[in-house]
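K.L.:
There's a structure below that I have some questions on.
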Amino acid sequence: MTRLSGITPSGPVHVGNYLGAIRRWAREGDPADLYFVSDLHAMTTPYHPQKLRGRTRELLAILIAAGIEPDTVFVQSDLLPQLGPLTWVLECACAFGEAARMTQFKEKSADRSHEGTPVRVGLFTYPVLMAADILLQGADEVPVGDDQAQHVELARVLARRFNGTYGEAFVVPRAVTPPAAARVRDLADATRKMDKSASDSAGVLFALDEPDLLRRKVKRAVTDSLARLEYRPDEQPGLANLLEILGACLDKSPREVVAGFSSYGEVKDAVAEAVIEELRPIRERTLELLADPTELDRIRAVGGARATGRGSHRLTTVLRLAGVA
Ligand code: TYM
């Protein structure tokens, strides 16, 4: 069984990415799996090439620092010669309406912070590139947070359609979402998910933030004035988010962790310390890896070669079935 998942260097990694995705990949990862930095996806909104290159390296280092087997990690753009043709084939299997229905496209294209800059066609078609990422490698399972499940569903639809129309080429993948911390929310506004590219990062706990900064951000987290120490996500979303983060760090349920606290301040102190302890080794190891560019380049090359080797046979089959090779 092959598991595959990716993460986009559209901003620094935050605790939602870590608890919802990276930590799980590190814990459950198998030598047959593939985890990658989806740098091509970061081009769907305005970006700086130099910053993108730096963030891609940083993210690669974080994945390895988090304990993911280095051989299973790669950078998406190293597979561009295969992903380009496959994305085109899949775009020709995807209905316009299917792409237009994607919630993330609707949200991001309506995002007011990008006002004045045109919405890129790449933002519209990127779920198809994501389908290519998944289908090229014949992934069976795609571990993602809630926000990406719809895109994996699209990959399933496209795989089935291609297989049914032109012949069996793809494994039909399925999304698997983590039981805890599937959607960590912004500490300053619990109606929003914690987002790498949020315009205001006051409520976003970045994996490489200094401990003091993490402490300050948690202290300022918005809760409520009910003074009720219970886990009630609908009525007390801010507190519930803190309890979910704490629970995920301690491998307990939010209901379990809420018992024993007598004030919101105590909850916040516990969250800050748990997050700091969870992130400390990753931060240290990431900084070490970034200080050794030769080793990081070597790891990148090995992972890229492995992923390219895996995908080439399937791409040849797909192009032949599609009548273009
Ligand atoms: P990205 O970079 O937005 O997110 C990476 C992973 O982190 C999860 N995640 C969260 N989990 C909990 N709480 C949050 N607030 C939160 N924000 C993000 C996401 O669900 C995801 O699992 N398009 C994808 C990357 C990608 C990909 C793929 C994934 C590219 N190709 C193929 C799977 C398969 C993305 O931008 O994820």
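Just so we're on the same page: first chain in the structure tokens is A, next is B, and so on; residues restart at 1 for each chain, and ligands are numbered from 1 in the order they show up.
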For Gly97 of chain A, find every residue with an atom within 12 Å (counting only C-alpha atoms), except residues of its own chain fewer than 4 positions away, and show them as a ChimeraX atom specification.

P.N.:
/A:91,93,101-102,124-125,154

K.L.:
Sorted by chain and rising residue number, list the residues of chain A at most 8 Å from ligand 1 (counting only C-alpha atoms and all ligand atoms), each with its closest atom pair and distance in Å to one decimal, as a tab-separated table.

P.N.:
residue	atom	partner	partner_atom_place_in_ligand_line	distance
A:Leu4	CA	ligand 1	34 (C)	6.1
A:Ser5	CA	ligand 1	33 (C)	3.8
A:Gly6	CA	ligand 1	27 (C)	3.9
A:Ile7	CA	ligand 1	2 (O)	3.6
A:Thr8	CA	ligand 1	2 (O)	3.7
A:Pro9	CA	ligand 1	2 (O)	6.5
A:Ser10	CA	ligand 1	2 (O)	7.1
A:His14	CA	ligand 1	17 (N)	7.8
A:Val15	CA	ligand 1	13 (N)	7.5
A:Gly16	CA	ligand 1	13 (N)	3.7
A:Asn17	CA	ligand 1	7 (O)	3.8
A:Tyr18	CA	ligand 1	7 (O)	7.0
A:Leu19	CA	ligand 1	12 (C)	6.6
A:Gly20	CA	ligand 1	11 (N)	3.9
A:Ala21	CA	ligand 1	22 (O)	4.9
A:Ile22	CA	ligand 1	6 (C)	7.3
A:Phe36	CA	ligand 1	30 (C)	7.9
A:Val37	CA	ligand 1	30 (C)	7.6
A:Ser38	CA	ligand 1	30 (C)	5.1
A:His41	CA	ligand 1	36 (O)	6.6
A:Ala42	CA	ligand 1	36 (O)	7.8
A:Tyr126	CA	ligand 1	23 (N)	7.8
A:Pro127	CA	ligand 1	23 (N)	7.1
A:Leu129	CA	ligand 1	31 (N)	7.1
A:Met130	CA	ligand 1	31 (N)	4.1
A:Ala131	CA	ligand 1	32 (C)	6.6
A:Ala132	CA	ligand 1	32 (C)	8.0
A:Asp133	CA	ligand 1	32 (C)	5.3
A:Ile134	CA	ligand 1	32 (C)	5.3
A:Val142	CA	ligand 1	33 (C)	5.8
A:Pro143	CA	ligand 1	22 (O)	6.4
A:Val144	CA	ligand 1	22 (O)	3.4
A:Gly145	CA	ligand 1	20 (O)	3.0
A:Asp146	CA	ligand 1	20 (O)	5.6
A:Asp147	CA	ligand 1	20 (O)	5.1
A:Gln148	CA	ligand 1	20 (O)	5.0
A:Ala149	CA	ligand 1	20 (O)	7.6
A:His151	CA	ligand 1	23 (N)	7.8
A:Val152	CA	ligand 1	34 (C)	7.0
A:Ala181	CA	ligand 1	12 (C)	5.6
A:Ala182	CA	ligand 1	12 (C)	4.5
A:Arg183	CA	ligand 1	13 (N)	3.6
A:Val184	CA	ligand 1	13 (N)	3.7
A:Arg185	CA	ligand 1	15 (N)	5.4
A:Asp186	CA	ligand 1	15 (N)	7.4
A:Lys193	CA	ligand 1	15 (N)	4.5
A:Met194	CA	ligand 1	15 (N)	3.9
A:Asp195	CA	ligand 1	17 (N)	5.7
A:Lys196	CA	ligand 1	17 (N)	7.5

K.L.:
Would you list the contacts of Leu315 of chain A as a list of chain:residue names, taking every protein, DNA or RNA residue within 9 Å and counting only C-alpha atoms, but skipping same-chain residues closer than 2 positions in sequence?

P.N.:
A:Gln82, A:Leu83, A:Pro85, A:Leu86, A:Leu136, A:Ala169, A:Gly311, A:Ser312, A:His313, A:Thr317, A:Val318, A:Leu319, A:Arg320

K.L.:
Check the smallest atom-to-atom distance from each of A:Arg280, A:Lys106, A:Arg232, A:Arg161 to Asp212 of chain A using only C-alpha atoms, then report the winner.

P.N.:
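Among the listed residues, the smallest separation from Asp212 of chain A belongs to A:Arg280.
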
K.L.:
Using only C-alpha atoms, find the one residue out of A:Arg160, A:Arg24, A:Arg174, A:Arg228 that sits nearest to Gly67 of chain A.

P.N.:
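Of A:Arg160, A:Arg24, A:Arg174, A:Arg228, the one nearest Gly67 of chain A, counting only C-alpha atoms, is A:Arg24.
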
K.L.:
By how many Å are atom CA of Pro254 of chain A and atom CA of Ala240 of chain A apart?

P.N.:
7.4 Å

K.L.:
Which of segment 166-290 of chain A counts as helix (DSSP H, G or I) under DSSP, as an MDAnalysis selection string please?

P.N.:
chainID A and resid 166 211:219 237:250 254:258 264:290

K.L.:
I'd like the neighbourhood of Asp224 of chain A as a ChimeraX atom specification, where a residue qualifies if any of its atoms comes within 12 Å (using only C-alpha atoms), though same-chain residues fewer than 6 positions away should be ignored.

P.N.:
/A:188-190,230,232-233,235-240,263-265

K.L.:
Restricting the output to all heavy atoms, write the selected residues as a tab-separated table (two decimals), in the first residue's frame.

P.N.:
chain	number	residue	atom	x	y	z
A	188	ALA	N	-6.69	33.84	16.57
A	188	ALA	CA	-7.29	35.17	16.68
A	188	ALA	C	-8.73	35.20	16.15
A	188	ALA	O	-9.47	36.13	16.41
A	188	ALA	CB	-6.44	36.19	15.93
A	189	ASP	N	-9.10	34.16	15.39
A	189	ASP	CA	-10.44	34.12	14.81
A	189	ASP	C	-10.78	32.67	14.50
A	189	ASP	O	-10.40	32.12	13.46
A	189	ASP	CB	-10.47	34.97	13.51
A	189	ASP	CG	-11.81	34.87	12.80
A	189	ASP	OD1	-12.71	34.17	13.32
A	189	ASP	OD2	-11.95	35.49	11.74
A	190	ALA	N	-11.50	32.05	15.44
A	190	ALA	CA	-11.73	30.61	15.34
A	190	ALA	C	-12.70	30.23	14.21
A	190	ALA	O	-12.97	29.06	14.00
A	190	ALA	CB	-12.23	30.06	16.67
A	230	GLU	N	-15.45	23.79	29.32
A	230	GLU	CA	-16.00	22.59	28.69
A	230	GLU	C	-15.58	22.59	27.24
A	230	GLU	O	-15.21	23.63	26.69
A	230	GLU	CB	-17.53	22.63	28.75
A	230	GLU	CG	-18.10	22.18	30.08
A	230	GLU	CD	-19.61	22.34	30.09
A	230	GLU	OE1	-20.27	21.76	29.21
A	230	GLU	OE2	-20.09	23.09	30.95
A	232	ARG	N	-16.94	22.63	23.93
A	232	ARG	CA	-18.18	22.83	23.17
A	232	ARG	C	-17.83	23.63	21.90
A	232	ARG	O	-17.91	24.86	21.89
A	232	ARG	CB	-19.19	23.60	24.01
A	232	ARG	CG	-19.51	22.90	25.35
A	232	ARG	CD	-20.68	23.55	26.04
A	232	ARG	NE	-20.50	24.98	26.22
A	232	ARG	CZ	-21.48	25.84	26.43
A	232	ARG	NH1	-22.73	25.43	26.48
A	232	ARG	NH2	-21.22	27.12	26.59
A	233	PRO	N	-17.42	22.92	20.84
A	233	PRO	CA	-16.92	23.60	19.63
A	233	PRO	C	-17.90	24.62	19.05
A	233	PRO	O	-17.46	25.66	18.55
A	233	PRO	CB	-16.69	22.46	18.64
A	233	PRO	CG	-16.59	21.23	19.46
A	233	PRO	CD	-17.37	21.45	20.71
A	235	GLU	N	-20.43	26.38	20.65
A	235	GLU	CA	-20.68	27.56	21.52
A	235	GLU	C	-19.39	28.27	21.89
A	235	GLU	O	-19.40	29.47	22.11
A	235	GLU	CB	-21.39	27.13	22.81
A	235	GLU	CG	-22.82	26.61	22.63
A	235	GLU	CD	-22.84	25.11	22.34
A	235	GLU	OE1	-21.75	24.53	22.10
A	235	GLU	OE2	-23.94	24.53	22.32
A	236	GLN	N	-18.28	27.52	22.03
A	236	GLN	CA	-17.01	28.12	22.48
A	236	GLN	C	-15.87	27.70	21.53
A	236	GLN	O	-14.97	26.94	21.94
A	236	GLN	CB	-16.71	27.67	23.91
A	236	GLN	CG	-17.75	28.14	24.92
A	236	GLN	CD	-17.49	27.55	26.31
A	236	GLN	OE1	-17.98	26.46	26.62
A	236	GLN	NE2	-16.70	28.22	27.11
A	237	PRO	N	-15.94	28.19	20.28
A	237	PRO	CA	-14.98	27.70	19.28
A	237	PRO	C	-13.52	28.02	19.60
A	237	PRO	O	-12.63	27.20	19.31
A	237	PRO	CB	-15.41	28.40	17.98
A	237	PRO	CG	-16.27	29.54	18.40
A	237	PRO	CD	-16.89	29.17	19.71
A	238	GLY	N	-13.27	29.18	20.21
A	238	GLY	CA	-11.88	29.56	20.52
A	238	GLY	C	-11.28	28.62	21.55
A	238	GLY	O	-10.17	28.08	21.37
A	239	LEU	N	-12.02	28.38	22.63
A	239	LEU	CA	-11.55	27.48	23.68
A	239	LEU	C	-11.42	26.05	23.12
A	239	LEU	O	-10.43	25.35	23.39
A	239	LEU	CB	-12.53	27.50	24.87
A	239	LEU	CG	-12.19	26.55	26.02
A	239	LEU	CD1	-10.89	26.95	26.70
A	239	LEU	CD2	-13.34	26.52	27.06
A	240	ALA	N	-12.42	25.65	22.34
A	240	ALA	CA	-12.39	24.28	21.78
A	240	ALA	C	-11.14	24.09	20.91
A	240	ALA	O	-10.51	23.04	20.96
A	240	ALA	CB	-13.65	24.05	20.94
A	263	SER	N	-9.12	27.75	34.91
A	263	SER	CA	-9.29	29.04	34.23
A	263	SER	C	-8.79	28.94	32.80
A	263	SER	O	-7.99	28.06	32.46
A	263	SER	CB	-8.50	30.14	34.95
A	263	SER	OG	-7.12	29.94	34.74
A	264	TYR	N	-9.23	29.88	31.95
A	264	TYR	CA	-8.77	29.91	30.56
A	264	TYR	C	-7.25	30.17	30.53
A	264	TYR	O	-6.55	29.66	29.66
A	264	TYR	CB	-9.47	31.01	29.76
A	264	TYR	CG	-10.95	30.77	29.50
A	264	TYR	CD1	-11.71	31.73	28.84
A	264	TYR	CD2	-11.57	29.60	29.89
A	264	TYR	CE1	-13.05	31.53	28.58
A	264	TYR	CE2	-12.93	29.39	29.65
A	264	TYR	CZ	-13.66	30.36	28.99
A	264	TYR	OH	-14.99	30.16	28.75
A	265	GLY	N	-6.79	30.97	31.48
A	265	GLY	CA	-5.35	31.30	31.54
A	265	GLY	C	-4.52	30.04	31.71
A	265	GLY	O	-3.48	29.87	31.06

K.L.:
Which one of A:Thr44, A:Val275, A:Glu28, A:Val75 sits closest to Arg306 of chain A if you count only C-alpha atoms?

P.N.:
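Going through A:Thr44, A:Val275, A:Glu28, A:Val75 one by one, the smallest distance to Arg306 of chain A is for A:Val75.
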
K.L.:
What is the distance, in Å and to one decimal place, between atom CA of Asp200 of chain A and atom CA of Pro12 of chain A?

P.N.:
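Atom CA of Asp200 of chain A sits 12.9 Å away from atom CA of Pro12 of chain A.
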
K.L.:
Can you tell me which residues surround Lys108 of chain A at a distance of at most 12 Å, considering only C-alpha atoms, apart from same-chain residues fewer than 2 positions away, and format the answer as a compact mmCIF listing (two decimals) with all heavy atoms, in the first residue's frame?

P.N.:
# COMPACT_ATOMS: atom_id res chain seq x y z
N THR A 44 0.20 29.48 -7.69
CA THR A 44 -1.18 29.77 -8.09
C THR A 44 -1.67 31.14 -7.61
O THR A 44 -2.71 31.61 -8.04
CB THR A 44 -2.15 28.68 -7.57
OG1 THR A 44 -1.97 28.59 -6.15
CG2 THR A 44 -1.84 27.33 -8.20
N THR A 45 -0.93 31.74 -6.68
CA THR A 45 -1.23 33.11 -6.24
C THR A 45 0.08 33.89 -6.32
O THR A 45 1.16 33.29 -6.41
CB THR A 45 -1.76 33.11 -4.78
OG1 THR A 45 -0.88 32.32 -3.98
CG2 THR A 45 -3.17 32.54 -4.67
N PRO A 46 0.03 35.23 -6.28
CA PRO A 46 1.27 35.99 -6.44
C PRO A 46 2.36 35.55 -5.45
O PRO A 46 2.07 35.28 -4.29
CB PRO A 46 0.82 37.42 -6.14
CG PRO A 46 -0.62 37.43 -6.54
CD PRO A 46 -1.15 36.08 -6.17
N MET A 102 -14.88 23.47 -6.71
CA MET A 102 -13.92 23.31 -5.62
C MET A 102 -14.01 24.47 -4.62
O MET A 102 -13.81 25.63 -4.98
CB MET A 102 -12.48 23.21 -6.16
CG MET A 102 -12.21 21.99 -7.01
SD MET A 102 -12.32 20.44 -6.07
CE MET A 102 -13.69 19.67 -6.88
N THR A 103 -14.29 24.13 -3.38
CA THR A 103 -14.49 25.15 -2.34
C THR A 103 -13.26 26.04 -2.21
O THR A 103 -13.37 27.26 -2.06
CB THR A 103 -14.75 24.46 -0.99
OG1 THR A 103 -15.80 23.53 -1.20
CG2 THR A 103 -15.14 25.43 0.08
N GLN A 104 -12.07 25.41 -2.25
CA GLN A 104 -10.87 26.20 -2.03
C GLN A 104 -10.68 27.22 -3.17
O GLN A 104 -10.26 28.35 -2.92
CB GLN A 104 -9.65 25.31 -1.91
CG GLN A 104 -8.58 25.99 -1.09
CD GLN A 104 -7.47 25.06 -0.70
OE1 GLN A 104 -6.67 24.63 -1.53
NE2 GLN A 104 -7.41 24.73 0.57
N PHE A 105 -11.04 26.84 -4.38
CA PHE A 105 -10.94 27.80 -5.49
C PHE A 105 -11.91 28.95 -5.23
O PHE A 105 -11.56 30.13 -5.38
CB PHE A 105 -11.25 27.13 -6.84
CG PHE A 105 -11.39 28.14 -7.94
CD1 PHE A 105 -10.27 28.81 -8.43
CD2 PHE A 105 -12.64 28.48 -8.46
CE1 PHE A 105 -10.39 29.78 -9.41
CE2 PHE A 105 -12.77 29.45 -9.43
CZ PHE A 105 -11.64 30.10 -9.91
N LYS A 106 -13.12 28.60 -4.85
CA LYS A 106 -14.13 29.65 -4.63
C LYS A 106 -13.65 30.61 -3.55
O LYS A 106 -13.73 31.83 -3.69
CB LYS A 106 -15.46 29.02 -4.24
CG LYS A 106 -16.16 28.33 -5.39
CD LYS A 106 -17.61 28.10 -5.04
CE LYS A 106 -17.99 26.67 -5.22
NZ LYS A 106 -19.21 26.25 -4.64
N ALA A 110 -12.07 34.51 -4.21
CA ALA A 110 -12.86 35.62 -3.66
C ALA A 110 -12.08 36.38 -2.58
O ALA A 110 -12.56 37.37 -2.05
CB ALA A 110 -14.16 35.07 -3.07
N ASP A 111 -10.86 35.89 -2.26
CA ASP A 111 -10.09 36.47 -1.17
C ASP A 111 -9.79 37.95 -1.41
O ASP A 111 -9.17 38.31 -2.40
CB ASP A 111 -8.77 35.67 -1.05
CG ASP A 111 -7.95 36.12 0.15
OD1 ASP A 111 -8.28 37.15 0.75
OD2 ASP A 111 -6.96 35.42 0.46
N ARG A 112 -10.20 38.77 -0.47
CA ARG A 112 -10.06 40.22 -0.65
C ARG A 112 -8.60 40.69 -0.61
O ARG A 112 -8.26 41.71 -1.18
CB ARG A 112 -10.84 40.98 0.43
CG ARG A 112 -12.30 40.60 0.45
CD ARG A 112 -13.18 41.73 0.97
NE ARG A 112 -14.35 41.86 0.14
CZ ARG A 112 -14.52 42.81 -0.76
NH1 ARG A 112 -13.58 43.70 -0.96
NH2 ARG A 112 -15.61 42.88 -1.48
N SER A 113 -7.73 39.90 0.04
CA SER A 113 -6.34 40.35 0.14
C SER A 113 -5.64 40.29 -1.23
O SER A 113 -4.60 40.89 -1.42
CB SER A 113 -5.57 39.52 1.17
OG SER A 113 -5.54 38.18 0.78
N HIS A 114 -6.23 39.54 -2.19
CA HIS A 114 -5.63 39.49 -3.53
C HIS A 114 -6.33 40.45 -4.48
O HIS A 114 -6.15 40.39 -5.69
CB HIS A 114 -5.69 38.08 -4.10
CG HIS A 114 -4.83 37.11 -3.35
ND1 HIS A 114 -3.52 37.39 -3.04
CD2 HIS A 114 -5.08 35.89 -2.83
CE1 HIS A 114 -3.01 36.37 -2.37
NE2 HIS A 114 -3.95 35.45 -2.22
N GLU A 115 -7.16 41.31 -3.93
CA GLU A 115 -7.92 42.24 -4.76
C GLU A 115 -6.96 43.05 -5.63
O GLU A 115 -5.91 43.49 -5.16
CB GLU A 115 -8.72 43.19 -3.87
CG GLU A 115 -10.13 43.37 -4.38
CD GLU A 115 -10.97 44.15 -3.38
OE1 GLU A 115 -10.49 44.41 -2.26
OE2 GLU A 115 -12.06 44.51 -3.74
N PRO A 118 -5.27 39.69 -10.78
CA PRO A 118 -6.21 38.76 -11.40
C PRO A 118 -6.08 37.34 -10.83
O PRO A 118 -4.99 36.94 -10.41
CB PRO A 118 -5.81 38.78 -12.88
CG PRO A 118 -4.54 39.54 -12.98
CD PRO A 118 -4.25 40.20 -11.68
N VAL A 119 -7.19 36.63 -10.82
CA VAL A 119 -7.17 35.22 -10.37
C VAL A 119 -6.49 34.40 -11.46
O VAL A 119 -6.81 34.52 -12.63
CB VAL A 119 -8.62 34.72 -10.15
CG1 VAL A 119 -8.63 33.24 -9.83
CG2 VAL A 119 -9.29 35.53 -9.06
N ARG A 120 -5.52 33.61 -11.07
CA ARG A 120 -4.75 32.84 -12.06
C ARG A 120 -5.49 31.58 -12.51
O ARG A 120 -6.13 30.92 -11.68
CB ARG A 120 -3.39 32.46 -11.45
CG ARG A 120 -2.63 33.69 -11.07
CD ARG A 120 -1.27 33.43 -10.48
NE ARG A 120 -0.63 34.74 -10.28
CZ ARG A 120 0.66 34.94 -10.07
NH1 ARG A 120 1.46 33.92 -10.00
NH2 ARG A 120 1.12 36.16 -9.93
N GLY A 122 -4.12 28.95 -13.07
CA GLY A 122 -3.48 27.88 -12.28
C GLY A 122 -4.21 27.62 -10.97
O GLY A 122 -4.23 26.50 -10.48
N LEU A 123 -4.83 28.67 -10.40
CA LEU A 123 -5.58 28.48 -9.15
C LEU A 123 -6.81 27.61 -9.43
O LEU A 123 -7.22 26.80 -8.61
CB LEU A 123 -5.99 29.83 -8.57
CG LEU A 123 -6.68 29.79 -7.21
CD1 LEU A 123 -5.73 29.30 -6.12
CD2 LEU A 123 -7.26 31.15 -6.83
N PHE A 124 -7.36 27.80 -10.62
CA PHE A 124 -8.54 27.05 -11.02
C PHE A 124 -8.20 25.58 -11.32
O PHE A 124 -8.92 24.67 -10.93
CB PHE A 124 -9.13 27.72 -12.27
CG PHE A 124 -10.40 27.11 -12.75
CD1 PHE A 124 -11.57 27.23 -12.00
CD2 PHE A 124 -10.44 26.41 -13.94
CE1 PHE A 124 -12.75 26.65 -12.44
CE2 PHE A 124 -11.61 25.84 -14.39
CZ PHE A 124 -12.77 25.96 -13.63
N TYR A 126 -5.47 23.91 -10.33
CA TYR A 126 -4.50 23.23 -9.46
C TYR A 126 -5.01 21.92 -8.84
O TYR A 126 -4.23 20.98 -8.68
CB TYR A 126 -3.89 24.21 -8.45
CG TYR A 126 -4.21 24.00 -7.00
CD1 TYR A 126 -3.39 23.19 -6.21
CD2 TYR A 126 -5.32 24.59 -6.42
CE1 TYR A 126 -3.68 22.99 -4.87
CE2 TYR A 126 -5.61 24.41 -5.09
CZ TYR A 126 -4.80 23.60 -4.32
OH TYR A 126 -5.09 23.40 -3.01
N ASP A 195 -3.92 29.30 8.64
CA ASP A 195 -3.53 29.32 7.24
C ASP A 195 -2.12 29.90 7.09
O ASP A 195 -1.85 30.96 7.64
CB ASP A 195 -4.55 30.19 6.48
CG ASP A 195 -4.39 30.13 4.97
OD1 ASP A 195 -3.37 29.57 4.51
OD2 ASP A 195 -5.27 30.64 4.27
N SER A 197 -0.79 31.29 4.60
CA SER A 197 -0.72 32.55 3.86
C SER A 197 -1.68 33.60 4.40
O SER A 197 -2.02 34.54 3.70
CB SER A 197 -0.94 32.28 2.37
OG SER A 197 -1.86 31.25 2.17
N ALA A 198 -2.12 33.44 5.65
CA ALA A 198 -3.03 34.44 6.24
C ALA A 198 -2.34 35.81 6.26
O ALA A 198 -1.14 35.91 6.50
CB ALA A 198 -3.38 34.02 7.67

K.L.:
Give me the residues near Leu135 of chain A as a PDB file with C-alpha atoms, in the first residue's frame, where near means some atom within 8 Å (using only C-alpha atoms) and where sequence neighbours in that chain fewer than 5 positions away do not count.

P.N.:
ATOM      1  CA  ALA A 155      -8.693  12.689  -8.179  1.00  0.00           C
ATOM      2  CA  ALA A 159      -9.071   8.180 -12.173  1.00  0.00           C
ATOM      3  CA  PHE A 170      -4.834   4.487 -12.432  1.00  0.00           C
ATOM      4  CA  VAL A 171      -5.242   3.278  -8.886  1.00  0.00           C
ATOM      5  CA  VAL A 172      -8.353   4.941  -7.402  1.00  0.00           C
ATOM      6  CA  PRO A 173      -7.066   6.711  -4.267  1.00  0.00           C
TER       7      PRO A 173
END

K.L.:
My list of candidates is A:Ile68, A:Ala301, A:Ile62, A:Ala248. Which is closest to Pro179 of chain A when distances are computed with only C-alpha atoms?

P.N.:
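For Pro179 of chain A, the nearest of the candidates is A:Ala248.
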
K.L.:
Please compute the atom CA of Asp209 of chain A-atom CA of Val13 of chain A distance, one decimal, in Å.

P.N.:
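Answer for the atom CA of Asp209 of chain A to atom CA of Val13 of chain A separation: 9.8 Å.
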
K.L.:
Under the rule that only C-alpha atoms are counted, which of A:Val204, A:Leu158, A:Ala139, A:Ala307 is the nearest residue to Thr87 of chain A?

P.N.:
A:Leu158

K.L.:
Applying 7 Å and only C-alpha atoms, which residues near Leu229 of chain A remain after dropping the ones on its own chain fewer than 2 positions away? List them as a ChimeraX atom specification.

P.N.:
/A:227,231,258
